[in-house]
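**Student:** Structure: protein.tsv, TSV, C-alpha atoms.
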```
chain	number	residue	atom	x	y	z
G	153	MET	CA	-47.73	-26.26	-45.03
G	154	TYR	CA	-48.89	-27.31	-41.53
G	155	GLU	CA	-48.73	-23.86	-39.93
G	156	LYS	CA	-52.23	-24.35	-38.46
G	157	SER	CA	-50.73	-27.05	-36.21
G	158	ILE	CA	-48.27	-24.68	-34.52
G	159	GLU	CA	-50.92	-23.12	-32.26
G	160	PRO	CA	-52.24	-26.46	-30.92
G	161	LEU	CA	-48.68	-27.68	-30.42
G	162	ASN	CA	-47.84	-24.56	-28.41
G	163	LYS	CA	-51.04	-25.01	-26.40
G	164	ALA	CA	-49.76	-28.46	-25.46
G	165	VAL	CA	-46.33	-27.02	-24.55
G	166	ALA	CA	-48.08	-24.66	-22.12
G	167	GLU	CA	-50.00	-27.57	-20.56
G	168	GLU	CA	-46.87	-29.66	-20.21
G	169	LEU	CA	-44.89	-26.79	-18.65
G	170	SER	CA	-47.66	-26.34	-16.09
G	171	GLY	CA	-47.48	-30.06	-15.36
G	172	VAL	CA	-43.71	-29.93	-14.91
G	173	ASN	CA	-44.02	-27.06	-12.44
G	174	GLN	CA	-46.89	-28.63	-10.50
G	175	TYR	CA	-45.30	-32.07	-10.26
G	176	MET	CA	-41.96	-30.65	-9.17
G	177	TYR	CA	-43.76	-28.64	-6.48
G	178	PHE	CA	-45.44	-31.87	-5.29
G	179	TYR	CA	-42.09	-33.67	-5.46
G	180	PHE	CA	-40.38	-31.06	-3.25
G	181	HIS	CA	-43.09	-31.27	-0.59
G	182	CYS	CA	-43.41	-35.06	-0.59
G	183	SER	CA	-39.63	-35.43	-0.42
G	184	ASP	CA	-39.45	-32.94	2.44
G	185	GLN	CA	-42.00	-34.99	4.39
G	186	GLY	CA	-40.18	-38.29	3.77
G	187	TYR	CA	-42.74	-39.71	1.33
G	188	ASP	CA	-40.12	-41.00	-1.07
G	189	LEU	CA	-42.36	-43.30	-3.12
G	190	LEU	CA	-44.77	-40.49	-3.96
G	191	ALA	CA	-41.97	-37.92	-4.29
G	192	ASN	CA	-40.23	-40.09	-6.86
G	193	LEU	CA	-43.49	-40.68	-8.74
G	194	PHE	CA	-44.04	-36.93	-9.03
G	195	ARG	CA	-40.40	-36.35	-10.04
G	196	LYS	CA	-40.48	-39.09	-12.68
G	197	THR	CA	-43.73	-37.74	-14.09
G	198	ALA	CA	-42.29	-34.20	-14.23
G	199	ILE	CA	-39.34	-35.54	-16.21
G	200	GLU	CA	-41.67	-37.35	-18.61
G	201	GLU	CA	-43.62	-34.10	-19.06
G	202	MET	CA	-40.31	-32.34	-19.87
G	203	ILE	CA	-39.71	-34.94	-22.56
G	204	HIS	CA	-43.17	-34.13	-23.92
G	205	VAL	CA	-42.21	-30.45	-24.10
G	206	GLU	CA	-39.08	-31.42	-26.01
G	207	ARG	CA	-41.01	-33.56	-28.52
G	208	LEU	CA	-43.61	-30.83	-29.04
G	209	ALA	CA	-40.90	-28.17	-29.43
G	210	GLU	CA	-39.07	-30.25	-32.01
G	211	ARG	CA	-42.28	-30.54	-34.03
G	212	ILE	CA	-42.99	-26.80	-33.76
G	213	LEU	CA	-39.48	-25.97	-34.94
G	214	PHE	CA	-39.75	-28.47	-37.79
G	215	LEU	CA	-42.89	-26.61	-38.87
G	216	LYS	CA	-40.87	-23.36	-38.77
G	217	GLY	CA	-42.79	-22.03	-35.77
G	218	ASP	CA	-41.55	-20.55	-32.52
G	219	VAL	CA	-41.89	-22.37	-29.20
G	220	GLU	CA	-43.85	-20.42	-26.58
G	221	MET	CA	-42.41	-21.30	-23.17
G	222	ARG	CA	-45.26	-20.07	-20.95
G	223	PRO	CA	-47.11	-22.40	-18.60
G	224	SER	CA	-50.88	-22.42	-19.05
G	225	THR	CA	-51.59	-22.11	-15.31
G	226	LYS	CA	-49.96	-21.09	-12.06
G	227	THR	CA	-48.66	-23.73	-9.70
G	228	GLU	CA	-51.23	-24.67	-7.06
G	229	LYS	CA	-49.90	-24.53	-3.49
G	230	ILE	CA	-51.24	-27.93	-2.45
G	231	ARG	CA	-49.48	-29.64	0.46
G	232	ASP	CA	-51.94	-32.37	1.46
G	233	VAL	CA	-50.93	-35.60	-0.28
G	234	LYS	CA	-54.44	-36.80	-1.05
G	235	ASP	CA	-55.22	-33.38	-2.56
G	236	MET	CA	-51.99	-33.61	-4.59
G	237	LEU	CA	-53.11	-36.93	-6.02
G	238	THR	CA	-56.58	-35.57	-6.75
G	239	GLU	CA	-55.04	-32.62	-8.59
G	240	ALA	CA	-52.62	-34.87	-10.49
G	241	LYS	CA	-55.46	-37.14	-11.63
G	242	SER	CA	-57.47	-34.11	-12.76
G	243	MET	CA	-54.49	-32.68	-14.65
G	244	GLU	CA	-53.94	-35.97	-16.49
G	245	GLU	CA	-57.64	-36.30	-17.35
G	246	ASN	CA	-57.72	-32.76	-18.70
G	247	SER	CA	-54.56	-33.32	-20.74
G	248	THR	CA	-55.97	-36.53	-22.20
G	249	LYS	CA	-59.15	-34.76	-23.27
G	250	LEU	CA	-57.25	-31.78	-24.69
G	251	TYR	CA	-54.75	-33.90	-26.62
G	252	ASN	CA	-57.53	-36.00	-28.13
G	253	GLU	CA	-59.16	-32.76	-29.33
G	254	LEU	CA	-55.85	-31.42	-30.65
G	255	ALA	CA	-55.17	-34.70	-32.48
G	256	ILE	CA	-58.50	-34.32	-34.26
G	257	GLU	CA	-57.69	-30.68	-35.06
G	258	CYS	CA	-54.31	-31.61	-36.54
G	259	SER	CA	-55.93	-34.42	-38.50
G	260	SER	CA	-58.43	-31.96	-40.00
G	261	ASN	CA	-55.40	-29.85	-41.02
G	262	ALA	CA	-54.00	-32.91	-42.85
G	263	ASP	CA	-51.09	-33.06	-40.37
G	264	SER	CA	-50.87	-36.74	-39.51
G	265	THR	CA	-47.46	-36.42	-37.83
G	266	SER	CA	-48.72	-33.93	-35.24
G	267	ARG	CA	-51.89	-36.01	-34.83
G	268	LYS	CA	-49.77	-39.08	-34.12
G	269	LEU	CA	-47.67	-37.12	-31.61
G	270	PHE	CA	-50.82	-36.09	-29.73
G	271	GLU	CA	-52.10	-39.67	-29.77
G	272	GLU	CA	-48.81	-40.85	-28.23
G	273	LEU	CA	-49.07	-38.14	-25.57
G	274	VAL	CA	-52.60	-39.33	-24.76
G	275	MET	CA	-51.23	-42.81	-24.03
G	276	ASP	CA	-48.61	-41.35	-21.67
G	277	GLU	CA	-51.16	-39.15	-19.90
G	278	GLU	CA	-53.52	-42.11	-19.43
G	279	ARG	CA	-50.64	-44.11	-17.94
G	280	HIS	CA	-49.83	-41.22	-15.58
G	281	PHE	CA	-53.49	-41.08	-14.57
G	282	GLY	CA	-53.40	-44.80	-13.77
G	283	LEU	CA	-50.33	-44.40	-11.56
G	284	PHE	CA	-51.84	-41.47	-9.66
G	285	ASP	CA	-55.17	-43.28	-9.35
G	286	THR	CA	-53.45	-46.32	-7.83
G	287	GLU	CA	-51.73	-44.12	-5.25
G	288	PHE	CA	-55.01	-42.33	-4.56
G	289	GLN	CA	-56.70	-45.70	-3.97
G	290	ASN	CA	-53.86	-46.70	-1.62
G	291	MET	CA	-54.34	-43.46	0.31
G	292	SER	CA	-58.09	-44.08	0.50
G	293	LYS	CA	-57.59	-47.65	1.70
G	294	PHE	CA	-54.73	-47.14	4.14
G	295	GLY	CA	-54.93	-43.43	4.99
G	296	GLU	CA	-52.12	-41.86	6.96
G	297	GLN	CA	-50.64	-45.30	7.63
G	298	TYR	CA	-49.65	-45.45	3.95
G	299	LEU	CA	-47.64	-42.26	4.33
G	300	ALA	CA	-46.19	-43.34	7.66
G	301	LEU	CA	-44.82	-46.51	6.08
G	302	GLN	CA	-43.03	-44.45	3.43
G	303	SER	CA	-41.56	-42.19	6.07
G	304	ILE	CA	-40.43	-45.13	8.20
G	305	GLU	CA	-38.78	-46.75	5.18
G	306	ARG	CA	-36.74	-43.59	4.58
G	307	SER	CA	-35.70	-43.50	8.25
G	308	LYS	CA	-34.54	-47.11	8.05
G	309	ILE	CA	-32.42	-46.36	5.00
G	310	ILE	CA	-30.94	-43.18	6.48
G	311	SER	CA	-30.09	-44.78	9.81
G	312	THR	CA	-28.48	-47.90	8.33
G	313	PRO	CA	-24.70	-47.79	7.82
G	314	THR	CA	-23.70	-47.87	4.16
G	315	GLY	CA	-23.58	-51.33	2.70
G	316	GLU	CA	-25.93	-52.98	5.19
G	317	ASN	CA	-29.37	-54.25	4.26
G	318	PRO	CA	-31.87	-52.54	6.58
G	319	THR	CA	-34.40	-55.37	6.21
G	320	ASN	CA	-31.92	-58.09	7.16
G	321	PRO	CA	-30.14	-57.19	10.45
```
Translate the structure of the given file into structure tokens.

**Tutor:**
Amino acid sequence: MYEKSIEPLNKAVAEELSGVNQYMYFYFHCSDQGYDLLANLFRKTAIEEMIHVERLAERILFLKGDVEMRPSTKTEKIRDVKDMLTEAKSMEENSTKLYNELAIECSSNADSTSRKLFEELVMDEERHFGLFDTEFQNMSKFGEQYLALQSIERSKIISTPTGENPTNP
């Protein structure tokens, strides 16, 4: 009945898988450098993208399709934090645009459930964009000092004996 929606849904799966891979790559590198705030933001976003894959896959299977588990792009080897945030913002903008187009496509196929799913994904992607944009603005305002503060905070936590509050000696 809604078989025309399976292709757009799989296109979104590919986008989300690429996002998962890219954000986990960013997470690994930010965590390695002690930038816990940004690392956790990338990790949390990757998990949310995995949930998107799950929701899309459930819809594809409901429509009696097969889920294609191939990312749409290769993971970019970006290690500079400001470049990571620029890439993340771009990825979220592109996803928002694509999902709006796919919502319209599903609507023209008289598939309001898939349309609604894409509209919900657009809201999540816009929220992700806002989070990455805030961090990008912080980096622009405070530069390397912003990253240094994150690294210092991790050092304080690591060096404090368990159970003690590092901000209240």

**Student:** Rank nothing, just name the residue among G:Phe281, G:Ser242, G:Glu168, G:Leu215 nearest to Asp263 in chain G, using all atoms listed in the file.

**Tutor:**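 Selected residue with least distance to Asp263 in chain G: G:Leu215.
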
**Student:** Nearest to Phe178 in chain G: which of G:Thr265, G:Thr197, G:Ser260, G:Asn246 is it, counting all atoms listed in the file?

**Tutor:**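 For Phe178 in chain G, the nearest of the candidates is G:Thr197.
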
**Student:** List every protein, DNA or RNA residue that has an atom no more than 12 Å from (-40.3, -41.9, -2.6) in the file's coordinate frame, counting all atoms listed in the file, and report them as a PyMOL selection string.

**Tutor:** chain G and resi 178-196+287+298-307+309

**Student:** Of the candidates G:Met176, G:Ile256, G:Leu161, G:Leu283, which shows the shortest atom-to-atom distance to Glu271 in chain G, using all atoms listed in the file?

**Tutor:**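 The shortest atom-to-atom distance to Glu271 in chain G comes from G:Ile256.
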
**Student:** Hey, can you check how far CA of Glu167 in chain G sits from CA of Asp235 in chain G?

**Tutor:**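 Result for CA of Glu167 in chain G versus CA of Asp235 in chain G: 19.6 Å, one decimal.
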
**Student:** Just the number, please: distance in Å from CA of Ser157 in chain G to CA of Leu208 in chain G, one decimal.

**Tutor:**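 If I compute the distance from CA of Ser157 in chain G to CA of Leu208 in chain G, I get 10.8 Å.
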
**Student:** Which residues, written as a PyMOL selection string, have at least one atom at most 9 Å from Glu228 in chain G, with only C-alpha atoms counted and residues fewer than 4 positions away on the same chain left out?

**Tutor:** chain G and resi 174+177+239

**Student:** Would you mind listing what lies within 10 Å of Gly171 in chain G as a CSV table (one decimal) with C-alpha atoms, in the frame of the given file, with only C-alpha atoms counted and same-chain residues fewer than 3 positions away left out?

**Tutor:**
```csv
chain,number,residue,atom,x,y,z
G,165,VAL,CA,-46.3,-27.0,-24.6
G,166,ALA,CA,-48.1,-24.7,-22.1
G,167,GLU,CA,-50.0,-27.6,-20.6
G,168,GLU,CA,-46.9,-29.7,-20.2
G,174,GLN,CA,-46.9,-28.6,-10.5
G,175,TYR,CA,-45.3,-32.1,-10.3
G,176,MET,CA,-42.0,-30.6,-9.2
G,177,TYR,CA,-43.8,-28.6,-6.5
G,194,PHE,CA,-44.0,-36.9,-9.0
G,197,THR,CA,-43.7,-37.7,-14.1
G,198,ALA,CA,-42.3,-34.2,-14.2
G,199,ILE,CA,-39.3,-35.5,-16.2
G,200,GLU,CA,-41.7,-37.4,-18.6
G,201,GLU,CA,-43.6,-34.1,-19.1
G,202,MET,CA,-40.3,-32.3,-19.9
G,223,PRO,CA,-47.1,-22.4,-18.6
G,224,SER,CA,-50.9,-22.4,-19.0
G,225,THR,CA,-51.6,-22.1,-15.3
G,226,LYS,CA,-50.0,-21.1,-12.1
G,227,THR,CA,-48.7,-23.7,-9.7
G,240,ALA,CA,-52.6,-34.9,-10.5
G,243,MET,CA,-54.5,-32.7,-14.6
G,244,GLU,CA,-53.9,-36.0,-16.5
G,247,SER,CA,-54.6,-33.3,-20.7
```

**Student:** Identify which of the residues G:Ala164, G:Leu250, G:Leu237, G:Met275 lies closest to Phe288 in chain G, counting all atoms listed in the file when measuring atom-to-atom distances.

**Tutor:** G:Leu237

**Student:** Need to verify the contact set: Asn252 in chain G, 7 Å, all atoms listed in the file, exclusion of same-chain residues closer than 3 positions in sequence. Can you return it as a VMD selection string?

**Tutor:** chain G and resid 248 to 249 255 to 256 270 to 271 274

**Student:** For CA of Arg231 in chain G and CA of Gln297 in chain G, determine how far apart the two atoms are, in Å to one decimal place.

**Tutor:**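 Interatomic distance, CA of Arg231 in chain G to CA of Gln297 in chain G: 17.3 Å.
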
**Student:** Quick test: take range 158-186 of chain G, keep N, CA and C atoms, and write it as a PDB file, in the first residue's frame.

**Tutor:**
```pdb
ATOM      1  N   ILE G 158       9.088   3.228   1.205  1.00  0.00           N
ATOM      2  CA  ILE G 158      10.216   2.433   1.696  1.00  0.00           C
ATOM      3  C   ILE G 158      11.545   3.040   1.253  1.00  0.00           C
ATOM      4  N   GLU G 159      11.640   3.483   0.006  1.00  0.00           N
ATOM      5  CA  GLU G 159      12.894   4.078  -0.481  1.00  0.00           C
ATOM      6  C   GLU G 159      13.267   5.344   0.293  1.00  0.00           C
ATOM      7  N   PRO G 160      12.348   6.300   0.475  1.00  0.00           N
ATOM      8  CA  PRO G 160      12.720   7.478   1.279  1.00  0.00           C
ATOM      9  C   PRO G 160      13.081   7.127   2.725  1.00  0.00           C
ATOM     10  N   LEU G 161      12.395   6.151   3.293  1.00  0.00           N
ATOM     11  CA  LEU G 161      12.714   5.737   4.661  1.00  0.00           C
ATOM     12  C   LEU G 161      14.121   5.151   4.728  1.00  0.00           C
ATOM     13  N   ASN G 162      14.486   4.344   3.748  1.00  0.00           N
ATOM     14  CA  ASN G 162      15.845   3.783   3.716  1.00  0.00           C
ATOM     15  C   ASN G 162      16.892   4.859   3.448  1.00  0.00           C
ATOM     16  N   LYS G 163      16.536   5.867   2.681  1.00  0.00           N
ATOM     17  CA  LYS G 163      17.451   6.992   2.457  1.00  0.00           C
ATOM     18  C   LYS G 163      17.752   7.679   3.791  1.00  0.00           C
ATOM     19  N   ALA G 164      16.727   7.821   4.606  1.00  0.00           N
ATOM     20  CA  ALA G 164      16.906   8.430   5.929  1.00  0.00           C
ATOM     21  C   ALA G 164      17.733   7.527   6.847  1.00  0.00           C
ATOM     22  N   VAL G 165      17.543   6.214   6.753  1.00  0.00           N
ATOM     23  CA  VAL G 165      18.361   5.280   7.543  1.00  0.00           C
ATOM     24  C   VAL G 165      19.836   5.494   7.211  1.00  0.00           C
ATOM     25  N   ALA G 166      20.140   5.611   5.924  1.00  0.00           N
ATOM     26  CA  ALA G 166      21.529   5.817   5.494  1.00  0.00           C
ATOM     27  C   ALA G 166      22.098   7.117   6.067  1.00  0.00           C
ATOM     28  N   GLU G 167      21.297   8.179   6.063  1.00  0.00           N
ATOM     29  CA  GLU G 167      21.733   9.460   6.629  1.00  0.00           C
ATOM     30  C   GLU G 167      22.000   9.333   8.122  1.00  0.00           C
ATOM     31  N   GLU G 168      21.085   8.677   8.808  1.00  0.00           N
ATOM     32  CA  GLU G 168      21.227   8.527  10.256  1.00  0.00           C
ATOM     33  C   GLU G 168      22.440   7.668  10.618  1.00  0.00           C
ATOM     34  N   LEU G 169      22.671   6.599   9.859  1.00  0.00           N
ATOM     35  CA  LEU G 169      23.851   5.757  10.120  1.00  0.00           C
ATOM     36  C   LEU G 169      25.139   6.552   9.920  1.00  0.00           C
ATOM     37  N   SER G 170      25.166   7.393   8.907  1.00  0.00           N
ATOM     38  CA  SER G 170      26.339   8.259   8.702  1.00  0.00           C
ATOM     39  C   SER G 170      26.517   9.192   9.887  1.00  0.00           C
ATOM     40  N   GLY G 171      25.407   9.733  10.387  1.00  0.00           N
ATOM     41  CA  GLY G 171      25.471  10.608  11.555  1.00  0.00           C
ATOM     42  C   GLY G 171      25.990   9.884  12.781  1.00  0.00           C
ATOM     43  N   VAL G 172      25.509   8.671  13.011  1.00  0.00           N
ATOM     44  CA  VAL G 172      25.979   7.873  14.149  1.00  0.00           C
ATOM     45  C   VAL G 172      27.490   7.699  14.066  1.00  0.00           C
ATOM     46  N   ASN G 173      27.965   7.278  12.906  1.00  0.00           N
ATOM     47  CA  ASN G 173      29.404   7.045  12.729  1.00  0.00           C
ATOM     48  C   ASN G 173      30.207   8.323  12.938  1.00  0.00           C
ATOM     49  N   GLN G 174      29.747   9.420  12.338  1.00  0.00           N
ATOM     50  CA  GLN G 174      30.495  10.679  12.434  1.00  0.00           C
ATOM     51  C   GLN G 174      30.515  11.186  13.870  1.00  0.00           C
ATOM     52  N   TYR G 175      29.375  11.160  14.529  1.00  0.00           N
ATOM     53  CA  TYR G 175      29.313  11.677  15.898  1.00  0.00           C
ATOM     54  C   TYR G 175      30.102  10.809  16.866  1.00  0.00           C
ATOM     55  N   MET G 176      30.112   9.511  16.651  1.00  0.00           N
ATOM     56  CA  MET G 176      30.929   8.655  17.515  1.00  0.00           C
ATOM     57  C   MET G 176      32.417   8.934  17.281  1.00  0.00           C
ATOM     58  N   TYR G 177      32.803   9.169  16.043  1.00  0.00           N
ATOM     59  CA  TYR G 177      34.190   9.528  15.743  1.00  0.00           C
ATOM     60  C   TYR G 177      34.562  10.819  16.500  1.00  0.00           C
ATOM     61  N   PHE G 178      33.673  11.818  16.434  1.00  0.00           N
ATOM     62  CA  PHE G 178      33.919  13.074  17.149  1.00  0.00           C
ATOM     63  C   PHE G 178      33.970  12.826  18.664  1.00  0.00           C
ATOM     64  N   TYR G 179      33.087  11.991  19.145  1.00  0.00           N
ATOM     65  CA  TYR G 179      33.066  11.656  20.573  1.00  0.00           C
ATOM     66  C   TYR G 179      34.407  11.068  21.013  1.00  0.00           C
ATOM     67  N   PHE G 180      34.907  10.080  20.262  1.00  0.00           N
ATOM     68  CA  PHE G 180      36.168   9.435  20.622  1.00  0.00           C
ATOM     69  C   PHE G 180      37.291  10.458  20.726  1.00  0.00           C
ATOM     70  N   HIS G 181      37.377  11.354  19.745  1.00  0.00           N
ATOM     71  CA  HIS G 181      38.478  12.319  19.723  1.00  0.00           C
ATOM     72  C   HIS G 181      38.323  13.405  20.784  1.00  0.00           C
ATOM     73  N   CYS G 182      37.102  13.876  21.010  1.00  0.00           N
ATOM     74  CA  CYS G 182      36.911  14.874  22.071  1.00  0.00           C
ATOM     75  C   CYS G 182      37.181  14.261  23.441  1.00  0.00           C
ATOM     76  N   SER G 183      36.720  13.040  23.639  1.00  0.00           N
ATOM     77  CA  SER G 183      36.957  12.360  24.918  1.00  0.00           C
ATOM     78  C   SER G 183      38.452  12.151  25.142  1.00  0.00           C
ATOM     79  N   ASP G 184      39.152  11.753  24.107  1.00  0.00           N
ATOM     80  CA  ASP G 184      40.590  11.513  24.207  1.00  0.00           C
ATOM     81  C   ASP G 184      41.345  12.782  24.597  1.00  0.00           C
ATOM     82  N   GLN G 185      40.827  13.941  24.162  1.00  0.00           N
ATOM     83  CA  GLN G 185      41.495  15.213  24.450  1.00  0.00           C
ATOM     84  C   GLN G 185      41.013  15.845  25.759  1.00  0.00           C
ATOM     85  N   GLY G 186      40.070  15.189  26.443  1.00  0.00           N
ATOM     86  CA  GLY G 186      39.594  15.709  27.724  1.00  0.00           C
ATOM     87  C   GLY G 186      38.469  16.715  27.606  1.00  0.00           C
TER      88      GLY G 186
END
```
